[in-house]
Amino acid sequence: MLELIDVAAIVIVFLLLILVAREIVFRWRVRLRVVTGDESLLEDNRVKIVNMTQGPEGSREVNALRMVPLKEDLSDSQIIGNRP
């Protein structure tokens, strides 16, 4: 016969499995939305965009700018490229 501790352990394992499955489905759906170019992904509060390299029309540019030097002799303080 199952005791209270056994039932609690089964419930906890079941809840952990549900959380893992939910995270897997969430990541799969976000990846699918990125591939299809869903513009509403930019307004989704559950997703944090760290680096946007390419986006659909109407995308916003963030203040952070990643700079990659084209030549090794340039210093880190020089801006490379044309900015309006």
# chains A, B, ... in the order shown; residues from 1 in each chain; ligands from 1
>>> residues_around(residues="Val47 in chain A", least_positions_apart="4", cutoff="10 Å", atoms="only C-alpha atoms", output="number ranges by chain")
A: 27, 30, 41-43
>>> write_last_selection(atoms="C-alpha atoms", output="PDB file, in the first residue's frame")
ATOM      1  CA  ARG A  27      11.118  26.520 -26.918  1.00  0.00           C
ATOM      2  CA  VAL A  30       9.448  30.044 -30.211  1.00  0.00           C
ATOM      3  CA  LEU A  41       7.443  37.805 -31.246  1.00  0.00           C
ATOM      4  CA  LEU A  42       8.965  41.261 -30.667  1.00  0.00           C
ATOM      5  CA  GLU A  43       6.093  42.218 -28.334  1.00  0.00           C
TER       6      GLU A  43
END
>>> residues_around(residues="Glu39 in chain A", least_positions_apart="3", cutoff="10 Å", atoms="only C-alpha atoms", output="PDB file with N, CA and C atoms, in the first residue's frame")
ATOM      1  N   ARG A  33       8.222  30.130 -34.462  1.00  0.00           N
ATOM      2  CA  ARG A  33       7.839  31.513 -34.731  1.00  0.00           C
ATOM      3  C   ARG A  33       8.992  32.306 -35.327  1.00  0.00           C
ATOM      4  N   VAL A  34      10.220  32.024 -34.890  1.00  0.00           N
ATOM      5  CA  VAL A  34      11.386  32.709 -35.449  1.00  0.00           C
ATOM      6  C   VAL A  34      11.575  32.311 -36.908  1.00  0.00           C
ATOM      7  N   THR A  36       9.353  31.243 -39.039  1.00  0.00           N
ATOM      8  CA  THR A  36       8.288  31.771 -39.895  1.00  0.00           C
ATOM      9  C   THR A  36       8.296  33.289 -39.960  1.00  0.00           C
ATOM     10  N   LEU A  42       8.284  40.106 -31.243  1.00  0.00           N
ATOM     11  CA  LEU A  42       8.965  41.261 -30.667  1.00  0.00           C
ATOM     12  C   LEU A  42       8.212  41.838 -29.473  1.00  0.00           C
ATOM     13  N   GLU A  43       6.894  41.690 -29.437  1.00  0.00           N
ATOM     14  CA  GLU A  43       6.093  42.218 -28.334  1.00  0.00           C
ATOM     15  C   GLU A  43       5.780  41.174 -27.267  1.00  0.00           C
ATOM     16  N   ASP A  44       6.246  39.962 -27.434  1.00  0.00           N
ATOM     17  CA  ASP A  44       5.963  38.882 -26.481  1.00  0.00           C
ATOM     18  C   ASP A  44       6.803  39.081 -25.222  1.00  0.00           C
ATOM     19  N   GLY A  55      15.710  40.835 -39.106  1.00  0.00           N
ATOM     20  CA  GLY A  55      14.328  40.852 -38.667  1.00  0.00           C
ATOM     21  C   GLY A  55      13.390  41.303 -39.760  1.00  0.00           C
ATOM     22  N   PRO A  56      12.100  41.083 -39.559  1.00  0.00           N
ATOM     23  CA  PRO A  56      11.108  41.485 -40.556  1.00  0.00           C
ATOM     24  C   PRO A  56      10.954  43.005 -40.592  1.00  0.00           C
ATOM     25  N   GLU A  57      10.292  43.509 -41.608  1.00  0.00           N
ATOM     26  CA  GLU A  57      10.067  44.946 -41.731  1.00  0.00           C
ATOM     27  C   GLU A  57       9.273  45.436 -40.528  1.00  0.00           C
ATOM     28  N   GLY A  58       9.663  46.553 -39.999  1.00  0.00           N
ATOM     29  CA  GLY A  58       9.023  47.096 -38.807  1.00  0.00           C
ATOM     30  C   GLY A  58       9.743  46.726 -37.532  1.00  0.00           C
ATOM     31  N   SER A  59      10.833  45.989 -37.622  1.00  0.00           N
ATOM     32  CA  SER A  59      11.608  45.625 -36.437  1.00  0.00           C
ATOM     33  C   SER A  59      12.274  46.867 -35.873  1.00  0.00           C
TER      34      SER A  59
END
